[in-house]
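Source file entry.cif; content: mmCIF, C-alpha atoms and all ligand atoms.
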```cif
data_start
#
loop_
_atom_site.label_atom_id
_atom_site.label_comp_id
_atom_site.auth_asym_id
_atom_site.auth_seq_id
_atom_site.Cartn_x
_atom_site.Cartn_y
_atom_site.Cartn_z
CA PHE V 20 58.84 44.36 320.09
CA SER V 21 61.82 45.97 318.38
CA GLY V 22 59.62 46.45 315.33
CA ASP V 23 61.51 44.00 313.12
CA VAL V 24 59.48 42.81 310.17
CA PRO V 25 58.86 39.07 310.54
CA LYS V 26 60.30 37.16 307.58
CA VAL V 27 57.58 35.99 305.21
CA SER V 28 58.10 32.57 303.74
CA ASN V 29 57.74 32.88 299.97
CA SER V 30 56.96 35.15 297.06
CA ASP V 31 53.23 34.29 296.98
CA THR V 32 52.95 35.42 300.59
CA GLU V 33 54.98 38.52 299.80
CA ASP V 34 52.71 39.33 296.82
CA ALA V 35 49.56 38.81 298.88
CA LEU V 36 50.88 41.12 301.60
CA GLN V 37 51.81 43.79 299.05
CA GLN V 38 48.36 43.58 297.49
CA ALA V 39 46.70 43.76 300.91
CA SER V 40 48.81 46.82 301.76
CA ARG V 41 47.80 48.54 298.51
CA THR V 42 44.14 47.72 299.20
CA LEU V 43 44.45 49.30 302.65
CA HIS V 44 46.05 52.43 301.16
CA ASN V 45 43.16 52.58 298.67
CA LYS V 46 40.99 52.93 301.79
CA GLN V 47 39.41 49.51 301.37
CA PRO V 48 39.14 47.13 304.33
CA VAL V 49 41.13 43.87 304.33
CA ALA V 50 40.53 40.75 306.45
CA PHE V 51 43.67 39.29 307.99
CA PRO V 52 44.58 36.64 310.56
CA THR V 53 45.73 37.49 314.06
CA GLU V 54 46.58 35.03 316.81
CA THR V 55 43.22 35.80 318.51
CA VAL V 56 40.58 36.05 315.75
CA TYR V 57 40.50 37.33 312.15
CA GLY V 58 40.41 41.12 311.98
CA LEU V 59 38.81 43.48 309.47
CA GLY V 60 41.53 46.07 309.03
CA ALA V 61 41.61 49.61 307.68
CA LEU V 62 43.97 52.57 308.03
CA ALA V 63 43.35 53.82 311.57
CA LEU V 64 44.45 57.38 310.94
CA ASP V 65 42.20 57.88 307.90
CA PRO V 66 38.57 58.51 308.94
CA SER V 67 37.09 57.60 305.55
CA ALA V 68 39.02 54.30 305.44
CA ALA V 69 37.96 53.53 309.01
CA SER V 70 34.33 54.31 308.23
CA ARG V 71 34.32 51.38 305.77
CA ILE V 72 34.82 49.02 308.72
CA PHE V 73 31.58 50.21 310.29
CA SER V 74 29.56 49.99 307.07
CA THR V 75 30.96 46.55 306.17
CA LYS V 76 30.21 45.03 309.59
CA GLY V 77 27.02 46.95 310.30
CA ARG V 78 28.81 48.10 313.45
CA PRO V 79 27.19 50.80 315.61
CA PRO V 80 29.31 53.98 315.41
CA ASP V 81 29.53 54.37 319.19
CA ASN V 82 31.59 51.18 319.58
CA PRO V 83 35.32 52.14 319.47
CA LEU V 84 37.97 50.15 317.55
CA ILE V 85 41.29 48.63 318.59
CA VAL V 86 44.32 50.05 316.79
CA HIS V 87 46.98 47.48 315.86
CA VAL V 88 50.67 48.42 315.71
CA SER V 89 53.77 46.50 314.69
CA SER V 90 56.33 48.47 316.67
CA HIS V 91 56.86 50.66 319.69
CA THR V 92 57.60 53.59 317.38
CA MET V 93 54.20 53.15 315.77
CA LEU V 94 52.55 53.15 319.20
CA ARG V 95 54.25 56.48 320.04
CA ARG V 96 52.69 58.09 316.95
CA LEU V 97 49.25 57.58 318.57
CA LEU V 98 50.16 59.22 321.90
CA PRO V 99 50.76 62.83 322.97
CA THR V 100 54.49 63.62 322.58
CA THR V 101 54.86 64.61 326.22
CA TYR V 102 53.11 61.47 327.50
CA THR V 103 55.15 59.07 329.63
CA ILE V 104 54.01 55.46 329.37
CA PRO V 105 53.18 54.27 332.94
CA PRO V 106 55.67 51.74 334.42
CA ILE V 107 52.92 49.14 334.79
CA TYR V 108 52.24 49.33 331.03
CA GLU V 109 55.98 48.92 330.35
CA ILE V 110 55.85 45.70 332.37
CA LEU V 111 52.74 44.44 330.58
CA MET V 112 54.13 45.28 327.13
CA LYS V 113 57.45 43.58 327.97
CA HIS V 114 55.65 40.34 328.88
CA PHE V 115 52.60 40.27 326.63
CA TRP V 116 53.45 42.21 323.47
CA PRO V 117 53.29 41.11 320.83
CA GLY V 118 50.20 39.17 321.91
CA ALA V 119 46.57 39.04 322.98
CA LEU V 120 46.61 42.08 325.28
CA THR V 121 44.97 45.41 324.40
CA LEU V 122 45.83 48.48 326.50
CA LEU V 123 44.00 51.80 326.77
CA PHE V 124 46.15 54.91 326.30
CA PRO V 125 45.18 58.56 326.55
CA THR V 126 44.92 60.25 323.18
CA ASP V 127 43.11 63.11 321.46
CA PRO V 128 41.42 63.73 318.10
CA SER V 129 44.51 65.44 316.65
CA LEU V 130 46.33 62.10 316.99
CA VAL V 131 43.60 59.47 316.50
CA PRO V 132 40.37 60.26 314.60
CA SER V 133 37.28 60.29 316.79
CA ILE V 134 35.62 57.65 314.57
CA ILE V 135 38.19 55.20 316.01
CA THR V 136 37.80 56.19 319.66
CA ALA V 137 34.05 56.92 319.46
CA ASN V 138 34.96 60.23 321.12
CA GLN V 139 36.57 58.57 324.14
CA PRO V 140 39.67 60.30 325.59
CA THR V 141 41.47 56.94 325.21
CA VAL V 142 42.56 54.70 322.36
CA ALA V 143 42.79 50.90 322.67
CA VAL V 144 46.05 49.57 321.20
CA ARG V 145 47.49 46.13 320.68
CA MET V 146 50.52 44.61 318.96
CA PRO V 147 49.46 41.26 317.48
CA SER V 148 51.95 38.38 317.40
CA HIS V 149 50.64 36.66 314.27
CA PRO V 150 53.42 36.93 311.65
CA VAL V 151 50.94 37.80 308.86
CA ALA V 152 49.32 40.53 310.95
CA ARG V 153 52.66 42.04 311.95
CA ALA V 154 54.04 41.83 308.43
CA LEU V 155 50.92 43.49 306.99
CA ILE V 156 51.03 46.37 309.47
CA SER V 157 54.72 46.98 308.97
CA ILE V 158 54.54 46.73 305.15
CA ALA V 159 51.55 49.11 305.14
CA ASP V 160 53.66 51.21 307.53
CA ALA V 161 50.52 52.47 309.26
CA PRO V 162 48.51 51.68 312.39
CA ILE V 163 45.58 49.44 311.43
CA ALA V 164 42.19 49.61 313.13
CA ALA V 165 40.59 46.17 313.26
CA PRO V 166 37.55 44.71 314.92
CA SER V 167 36.77 41.05 314.44
CA ALA V 168 35.98 40.32 310.77
CA ASN V 169 32.32 39.32 311.23
CA SER V 170 28.96 41.00 310.79
CA SER V 171 28.06 42.73 314.03
CA GLY V 172 26.36 40.34 316.46
CA LYS V 173 27.79 37.11 314.96
CA PRO V 174 30.51 34.87 316.45
CA SER V 175 34.03 36.11 315.69
CA PRO V 176 35.82 34.31 312.83
CA THR V 177 38.78 32.08 313.63
CA ARG V 178 39.35 30.76 310.08
CA ALA V 179 39.46 32.47 306.68
CA GLU V 180 36.43 30.37 305.60
CA HIS V 181 34.36 31.91 308.40
CA VAL V 182 35.14 35.38 307.07
CA LEU V 183 34.38 34.38 303.49
CA ARG V 184 31.02 32.87 304.43
CA ASP V 185 30.01 35.98 306.38
CA LEU V 186 31.46 38.85 304.34
CA ASP V 187 31.68 37.45 300.79
CA GLY V 188 30.87 40.22 298.32
CA LYS V 189 31.45 42.94 300.90
CA ILE V 190 35.25 42.90 301.01
CA GLN V 191 37.92 42.65 298.34
CA LEU V 192 40.56 40.58 300.07
CA ILE V 193 41.06 38.01 302.83
CA LEU V 194 44.54 36.92 303.85
CA ASP V 195 44.30 33.23 304.83
CA GLY V 196 46.64 32.36 307.69
CA GLY V 197 44.90 29.18 308.81
CA ALA V 198 43.13 28.69 312.14
CA CYS V 199 43.77 31.22 314.92
CA GLY V 200 45.74 29.80 317.83
CA VAL V 201 44.03 31.67 320.68
CA GLY V 202 40.51 31.54 319.20
CA LEU V 203 38.92 34.37 321.15
CA GLU V 204 39.68 38.05 321.32
CA SER V 205 42.35 39.95 323.19
CA THR V 206 42.07 40.95 326.84
CA VAL V 207 41.19 44.67 327.07
CA VAL V 208 42.90 46.30 330.06
CA ASP V 209 42.59 49.80 331.47
CA GLY V 210 45.56 50.64 333.70
CA LEU V 211 45.01 54.40 333.72
CA ASN V 212 43.11 54.60 337.00
CA GLU V 213 44.46 56.64 339.88
CA ASP V 214 44.26 53.69 342.28
CA GLY V 215 46.95 51.95 340.19
CA ASN V 216 44.89 48.77 339.75
CA LEU V 217 44.31 47.11 336.38
CA ARG V 218 40.74 46.88 335.18
CA VAL V 219 39.92 44.07 332.79
CA LEU V 220 37.16 45.50 330.59
CA ARG V 221 37.00 42.34 328.49
CA PRO V 222 38.59 39.01 329.50
CA GLY V 223 40.47 37.40 326.63
CA GLY V 224 43.51 35.48 325.44
CA VAL V 225 45.83 36.79 328.17
CA THR V 226 44.40 35.39 331.40
CA VAL V 227 43.90 37.20 334.71
CA GLU V 228 46.23 34.58 336.23
CA ASP V 229 48.92 35.51 333.64
CA LEU V 230 48.57 39.20 334.50
CA GLU V 231 48.72 38.56 338.26
CA ARG V 232 51.76 36.31 337.94
CA VAL V 233 53.70 38.88 335.94
CA LEU V 234 52.85 41.68 338.39
CA ARG V 235 53.97 39.48 341.29
CA VAL V 236 57.21 38.55 339.58
CA GLU V 237 58.03 42.12 338.53
CA LEU V 238 56.80 44.04 341.57
CA GLY V 239 56.85 41.46 344.37
CA GLU V 240 59.89 42.88 346.18
CA ASN V 241 59.07 46.56 345.79
CA GLY V 242 55.95 47.18 347.80
CA PRO V 243 52.27 47.03 346.87
CA ILE V 244 51.19 44.93 343.91
CA PRO V 245 48.32 46.41 341.87
CA ARG V 246 45.19 44.30 341.79
CA VAL V 247 43.66 42.87 338.61
CA LEU V 248 39.95 43.70 338.74
CA VAL V 249 37.53 41.97 336.41
CA HIS V 250 34.50 43.93 335.32
CA LYS V 251 31.27 42.65 336.90
CA ARG V 252 33.17 40.14 339.04
CA ASP V 253 35.32 42.56 341.09
CA TYR V 254 33.92 45.96 340.27
CA LYS V 255 30.87 47.60 338.77
CA ASP V 256 30.66 50.77 336.80
CA GLU V 257 27.11 52.00 336.36
CA ALA V 258 28.00 54.76 333.94
CA MET V 259 30.13 52.43 331.87
CA GLU V 260 27.47 49.78 331.67
CA GLN V 261 25.34 52.26 329.74
CA THR V 262 28.05 52.74 327.12
CA PRO V 263 29.54 50.31 324.64
CA THR V 264 33.08 51.06 325.84
CA THR V 265 32.57 48.20 328.24
CA PRO V 266 33.10 45.65 325.52
CA GLY V 267 30.07 43.64 324.61
CA MET V 268 27.72 45.22 327.12
CA LYS V 269 25.35 47.19 324.99
CA TYR V 270 24.88 45.20 321.82
CA LYS V 271 23.92 41.64 320.90
CA HIS V 272 27.02 39.52 320.52
CA TYR V 273 28.41 36.21 319.28
CA SER V 274 25.04 34.72 318.26
CA PRO V 275 24.89 32.05 315.58
CA THR V 276 21.63 31.91 313.59
CA VAL V 277 20.38 28.95 315.66
CA PRO V 278 19.56 29.22 319.37
CA VAL V 279 22.25 28.29 321.89
CA ILE V 280 21.38 26.83 325.31
CA LEU V 281 24.01 27.04 328.02
CA ALA V 282 24.16 23.74 329.92
CA CYS V 283 25.32 24.56 333.43
CA THR V 284 27.21 21.69 334.99
CA VAL V 285 29.54 23.72 337.23
CA SER V 286 27.70 26.71 338.72
CA PRO V 287 24.88 26.31 341.25
CA PRO V 288 21.31 26.94 340.00
CA PRO V 289 19.69 30.28 340.86
CA HIS V 290 18.45 30.51 344.43
CA GLY V 291 15.29 28.49 345.01
CA THR V 292 15.53 26.34 341.84
CA GLU V 293 16.57 22.71 341.41
CA PRO V 294 18.78 21.27 338.66
CA THR V 295 16.88 19.25 336.10
CA THR V 296 17.70 15.81 334.69
CA VAL V 297 19.06 15.39 331.17
CA GLN V 298 15.92 13.47 330.25
CA SER V 299 13.44 16.13 331.36
CA PHE V 300 15.56 18.83 329.72
CA LEU V 301 15.33 16.91 326.44
CA ASP V 302 11.61 16.30 326.81
CA ASP V 303 11.20 20.04 327.12
CA VAL V 304 13.45 20.77 324.13
CA LYS V 305 11.78 18.14 321.93
CA HIS V 306 8.41 19.56 322.75
CA ARG V 307 9.49 23.07 321.82
CA GLN V 308 11.34 22.11 318.64
CA THR V 309 9.23 19.44 317.01
CA SER V 310 6.21 21.70 316.79
CA ASN V 311 7.58 22.58 313.30
CA GLY V 312 7.80 18.88 312.37
CA GLY V 313 10.81 16.91 311.09
CA SER V 314 13.48 15.13 313.09
CA LEU V 315 15.41 17.21 315.56
CA LYS V 316 19.11 17.95 315.00
CA ILE V 317 21.06 19.09 318.05
CA GLY V 318 24.68 20.21 318.12
CA ILE V 319 26.63 19.57 321.32
CA LEU V 320 29.57 21.78 322.17
CA ALA V 321 31.13 20.00 325.13
CA THR V 322 34.46 18.93 326.58
CA SER V 323 35.61 15.46 325.63
CA ASP V 324 35.59 14.03 329.15
CA SER V 325 32.68 15.72 330.92
CA GLY V 326 29.99 13.13 330.38
CA LEU V 327 27.53 15.68 328.98
CA ALA V 328 28.07 14.67 325.36
CA ALA V 329 27.87 10.98 326.27
CA GLN V 330 24.66 11.40 328.26
CA LEU V 331 22.96 13.54 325.65
CA SER V 332 23.89 11.53 322.59
CA ALA V 333 22.69 8.31 324.24
CA VAL V 334 19.17 9.68 323.83
CA GLU V 335 17.59 8.25 320.69
CA GLY V 336 15.27 9.96 318.20
CA ILE V 337 17.51 13.01 317.87
CA GLU V 338 20.29 13.56 315.35
CA TRP V 339 23.34 14.50 317.44
CA THR V 340 26.47 16.28 316.24
CA HIS V 341 29.28 16.59 318.78
CA TYR V 342 31.92 19.28 318.41
CA SER V 343 34.59 18.67 321.06
CA LEU V 344 35.95 21.45 323.25
CA GLY V 345 38.94 19.30 324.20
CA PRO V 346 39.82 18.03 327.66
CA VAL V 347 38.11 19.81 330.55
CA ALA V 348 41.50 20.26 332.22
CA ASP V 349 42.74 22.58 329.44
CA PRO V 350 40.44 25.59 328.96
CA SER V 351 42.81 27.07 326.35
CA ILE V 352 41.59 24.39 323.94
CA ALA V 353 37.94 25.15 324.72
CA ALA V 354 38.71 28.84 324.10
CA GLN V 355 40.44 28.07 320.83
CA ARG V 356 37.44 26.03 319.62
CA LEU V 357 34.43 27.98 320.90
CA PHE V 358 33.74 30.24 317.91
CA ASP V 359 34.72 27.56 315.39
CA GLY V 360 32.34 25.18 317.19
CA LEU V 361 29.42 27.63 317.12
CA LEU V 362 30.01 28.47 313.46
CA THR V 363 30.62 24.86 312.40
CA LEU V 364 27.45 23.56 314.09
CA ASP V 365 25.46 26.48 312.71
CA GLN V 366 26.74 25.68 309.23
CA ALA V 367 25.91 21.97 309.73
CA GLY V 368 22.25 22.95 309.94
CA VAL V 369 21.44 21.95 313.52
CA ASP V 370 18.18 23.26 315.06
CA LEU V 371 19.77 24.02 318.39
CA ILE V 372 23.19 24.09 320.05
CA VAL V 373 23.69 22.88 323.62
CA ALA V 374 26.96 24.29 324.93
CA GLU V 375 28.68 23.19 328.10
CA GLU V 376 29.73 25.49 330.89
CA VAL V 377 33.41 25.38 331.97
CA ARG V 378 35.07 26.69 335.14
CA GLU V 379 35.84 30.39 335.04
CA GLU V 380 39.54 29.82 335.54
CA ARG V 381 42.36 30.81 333.16
CA GLU V 382 40.98 30.90 329.57
CA GLY V 383 37.68 29.61 330.98
CA LEU V 384 36.86 33.15 332.15
CA ALA V 385 36.90 34.56 328.60
CA PHE V 386 35.24 31.42 327.25
CA MET V 387 32.28 31.86 329.61
CA ASN V 388 32.11 35.61 328.95
CA ARG V 389 31.59 34.89 325.22
CA LEU V 390 29.37 31.84 325.68
CA ARG V 391 27.00 33.70 328.04
CA LYS V 392 26.52 36.36 325.38
CA ALA V 393 25.98 33.76 322.65
CA ALA V 394 23.43 31.77 324.68
CA GLY V 395 19.76 32.66 324.95
CA ASP V 396 18.71 30.36 327.79
CA SER V 397 20.54 28.50 330.51
CA VAL V 398 19.61 25.15 332.00
CA TRP V 399 21.06 23.64 335.16
CA LEU V 400 21.62 19.92 334.70
CA ARG V 401 21.96 17.23 337.34
CA MET V 402 24.71 15.05 335.90
O1 LIG G 501 41.63 40.17 319.57
C1 LIG G 501 41.07 41.24 319.29
O2 LIG G 501 41.01 42.18 320.10
C2 LIG G 501 40.44 41.36 317.90
C3 LIG G 501 41.55 41.25 316.86
C4 LIG G 501 41.09 41.50 315.47
O3 LIG G 501 42.61 42.10 317.21
N1 LIG G 501 39.72 42.59 317.77
C5 LIG G 501 38.55 42.80 318.40
O4 LIG G 501 37.96 44.02 318.12
O5 LIG G 501 38.04 41.99 319.15
P1 LIG G 501 36.44 44.32 318.47
O6 LIG G 501 36.15 45.63 317.85
O7 LIG G 501 35.59 43.19 318.07
O8 LIG G 501 36.46 44.53 320.02
C6 LIG G 501 37.14 45.65 320.56
C7 LIG G 501 36.57 45.98 321.89
C8 LIG G 501 35.22 46.64 321.70
O9 LIG G 501 34.22 45.88 322.35
C9 LIG G 501 35.34 48.02 322.32
O10 LIG G 501 34.24 48.31 323.14
C10 LIG G 501 36.64 47.95 323.12
O11 LIG G 501 37.42 46.94 322.55
N2 LIG G 501 37.32 49.25 323.03
C11 LIG G 501 37.92 49.80 321.96
N3 LIG G 501 38.38 51.04 322.24
C12 LIG G 501 38.08 51.29 323.53
C13 LIG G 501 38.28 52.39 324.41
N4 LIG G 501 38.89 53.50 324.01
N5 LIG G 501 37.80 52.28 325.67
C14 LIG G 501 37.19 51.14 326.10
N6 LIG G 501 36.97 50.06 325.30
C15 LIG G 501 37.40 50.14 324.05
MG MG G 502 34.04 41.69 317.79
#
```
Structure rendered as structure tokens:
Amino acid sequence: FSGDVPKVSNSDTEDALQQASRTLHNKQPVAFPTETVYGLGALALDPSAASRIFSTKGRPPDNPLIVHVSSHTMLRRLLPTTYTIPPIYEILMKHFWPGALTLLFPTDPSLVPSIITANQPTVAVRMPSHPVARALISIADAPIAAPSANSSGKPSPTRAEHVLRDLDGKIQLILDGGACGVGLESTVVDGLNEDGNLRVLRPGGVTVEDLERVLRVELGENGPIPRVLVHKRDYKDEAMEQTPTTPGMKYKHYSPTVPVILACTVSPPPHGTEPTTVQSFLDDVKHRQTSNGGSLKIGILATSDSGLAAQLSAVEGIEWTHYSLGPVADPSIAAQRLFDGLLTLDQAGVDLIVAEEVREEREGLAFMNRLRKAAGDSVWLRM
């Protein structure tokens, strides 16, 4: 948080970072690892550099970008000089920065170009913890705008190979930092409301439980504790639902090229309907898929101990590929593997992906937020 440059390990890394920094200053986008997902970065304060992000991704221009900083000083450059950072933000930054938390701050077009904010009066800012991301931003010595490094509508990349497969030929440089530890995007929080509560616009790597715990610990003795409100679960915002500033609301998201079916094993079926058996679900799927001929290949994205993978793959006459989401008791592993699982199964050439529901607790909330957007249909299974 002090803004120290993380030490990079060797001269190859140092050279790659210098080259990436030069590419950024030449107004070309660069893909780089963060702890959440890979980002497609460009100079945030240069509108023509930032515009390359939109053209490379095919991103609609009304969807604002997150600005990444490597120090508190860099954050201040984005804010009005007279602005006092609210105490609740100081608490959140102390606990979660650097990390997977994005905060909205008031800004104006003299400070942050309107191409970044999509003409909102706020800018979304985060300080990533990944050493390569922080080193790149501090070597470039400039705030870096970065959405996920995928074509708009596709799952977010969590490995350099995912970026290469998707954006090869469209970008000059990818920094390879291995697999992302968090695996899905940052939590976007708006704490600027008059009621003092935090609004989670997009659930992500920092969980609602983490936020609530920190508020309790820091504010428990001194009167009222702000609430953490999750969009659609705890509050609705009609106006916002019409705009893309509610992340992921307006546009298609996270879809691999093959269809994804959400297998509900936790939530109750819609009122008036009954759960179906695994067998009759498969009879239905087989019927739909084999109309084009050939043997059916189905990818299963399921926890290792749920029984779904075991029950499905016991059915013969289908080629099954199981990508494990880890133990059901640890949703952080499911979160870390979701996008890699969707992209890996897609790449493996399956006809269909069946993905298992998890409880919407801890990282499971963000996991289900992404999976619901990736899935076309849902089926309620009697296990
Ligand atoms: O983890 C992450 O956040 C990754 C890595 C690369 O940092 N970035 C990322 O960016 O997920 P992107 O563009 O895929 O998602 C940013 C989301 C968008 O859905 C956008 O609607 C929201 O943040 N956002 C950005 N600026 C906003 C603003 N001023 N008000 C409300 N929402 C905003
Ligand atoms: Mg994205």
| message | Which residue is closest to ligand LIG 501 (chain G)? Choose from V:Val233, V:Ala152, V:Ala61, V:Ile85 and count all atoms listed in the file. | response |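 Closest candidate: V:Ile85.
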Do a neighbour search on range 44-51 of chain V at 6 Å with all atoms listed in the file, toss out local chain neighbours closer than 4 positions, and write the hits as a PDB file with C-alpha atoms, in the coordinates of the input.
```pdb
ATOM      1  CA  TYR V  57      40.500  37.330 312.150  1.00  0.00           C
ATOM      2  CA  GLY V  58      40.410  41.120 311.980  1.00  0.00           C
ATOM      3  CA  LEU V  59      38.810  43.480 309.470  1.00  0.00           C
ATOM      4  CA  GLY V  60      41.530  46.070 309.030  1.00  0.00           C
ATOM      5  CA  ALA V  61      41.610  49.610 307.680  1.00  0.00           C
ATOM      6  CA  ALA V  68      39.020  54.300 305.440  1.00  0.00           C
ATOM      7  CA  LEU V 192      40.560  40.580 300.070  1.00  0.00           C
ATOM      8  CA  ILE V 193      41.060  38.010 302.830  1.00  0.00           C
ATOM      9  CA  LEU V 194      44.540  36.920 303.850  1.00  0.00           C
TER      10      LEU V 194
END
```
| request: Give the residue list for ligand MG 502 (chain G) at 12 Å, counting all atoms listed in the file, as a PyMOL selection string, sorted by chain and then by residue number. | output: chain V and resi 55-59+72-73+76-79+82-85+165-177+203-205+221+223+263+266-268+270-274+358+389+392
| task | Measuring atom to atom with only C-alpha atoms and all ligand atoms, identify which of V:Val227, V:Val201, V:Ala69, V:Leu186 is nearest to ligand LIG 501 (chain G). | result |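 Ranking V:Val227, V:Val201, V:Ala69, V:Leu186 by distance to ligand LIG 501 (chain G), first place goes to V:Val201.
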| message | Quick check, in Å to one decimal: how far apart do CA of Val249 in chain V and CA of Asn216 in chain V lie? | response |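 Computed distance, CA of Val249 in chain V to CA of Asn216 in chain V, equals 10.6 Å.
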Can you report as lines of an AutoDock Vina configuration file the centre and edge lengths in Å, to one decimal, of an axis-aligned box around the listed atoms of ligand LIG 501 (chain G) padded with 5 Å on each side?
```
center_x = 38.4
center_y = 46.8
center_z = 320.8
size_x = 18.4
size_y = 23.3
size_z = 20.6
```
| field | Neighbour residues at most 7 Å from (19.7, 19.4, 332.7) (all atoms listed in the file) as a VMD selection string | value | chain V and resid 282 294 to 297 300 398 to 401
| Between CA of Val236 in chain V and atom O3 of ligand LIG 501 (chain G), what is the spacing in Å? |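 Pair atom O3 of ligand LIG 501 (chain G) / CA of Val236 in chain V returns 26.9 Å.
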| query | CA of Leu62 in chain V to CA of Val86 in chain V: how many Å, to one decimal? | reply |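 A separation of 9.1 Å between them.
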| field | Protein/DNA/RNA residues near (38.2, 62.5, 310.8), cut 12 Å, all atoms listed in the file, as a list in words | value |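 Those residues lying close to the given coordinates are Leu62, Ala63, Leu64, Asp65, Pro66, Ser67, Ala68, Ala69, Ser70, Asp127, Pro128, Ser129, Leu130, Val131, Pro132, Ser133, Ile134, Ile135, Thr136, Ala137 and Asn138 of chain V.
Distances here use only C-alpha atoms and all ligand atoms; by that measure, the residue among V:Leu122, V:Leu94, V:His114, V:Asn29 closest to ligand LIG 501 (chain G) is V:Leu122.
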| Looking at V:Asp396, V:Glu54, V:Glu109, V:Glu376, which one is nearest to ligand LIG 501 (chain G), with distances taken over only C-alpha atoms and all ligand atoms? |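 Among V:Asp396, V:Glu54, V:Glu109, V:Glu376, it is V:Glu54 that comes nearest to ligand LIG 501 (chain G).
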| Of the listed residues V:Val277, V:Ile163, V:Leu357, V:Leu183, that which approaches ligand LIG 501 (chain G) most closely, counting all atoms listed in the file |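 Nearest candidate to ligand LIG 501 (chain G) out of V:Val277, V:Ile163, V:Leu357, V:Leu183: V:Ile163.
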| Shell of 12 Å around Ala348 in chain V, all atoms listed in the file, local chain residues under 3 positions omitted, as a ChimeraX atom specification | /V:322-325,344-345,351-353,377-383
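With distances taken over only C-alpha atoms and all ligand atoms, V:Ala119 is the one residue among V:Leu43, V:Ile104, V:Cys199, V:Ala119 lying closest to ligand LIG 501 (chain G).
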| field | Contacts of Ala367 in chain V within 10 Å, only C-alpha atoms, excl. fewer than 6 positions in-chain, as a VMD selection string | value | chain V and resid 316 318 340 361
Near range 250-257 of chain V, counting all atoms listed in the file, which residues have an atom at most 7 Å away, once you skip same-chain residues fewer than 6 positions from it, shown as a PDB file with C-alpha atoms, keeping the file's coordinate frame?
```
ATOM      1  CA  ARG V 218      40.740  46.880 335.180  1.00  0.00           C
ATOM      2  CA  VAL V 219      39.920  44.070 332.790  1.00  0.00           C
ATOM      3  CA  LEU V 220      37.160  45.500 330.590  1.00  0.00           C
TER       4      LEU V 220
END
```
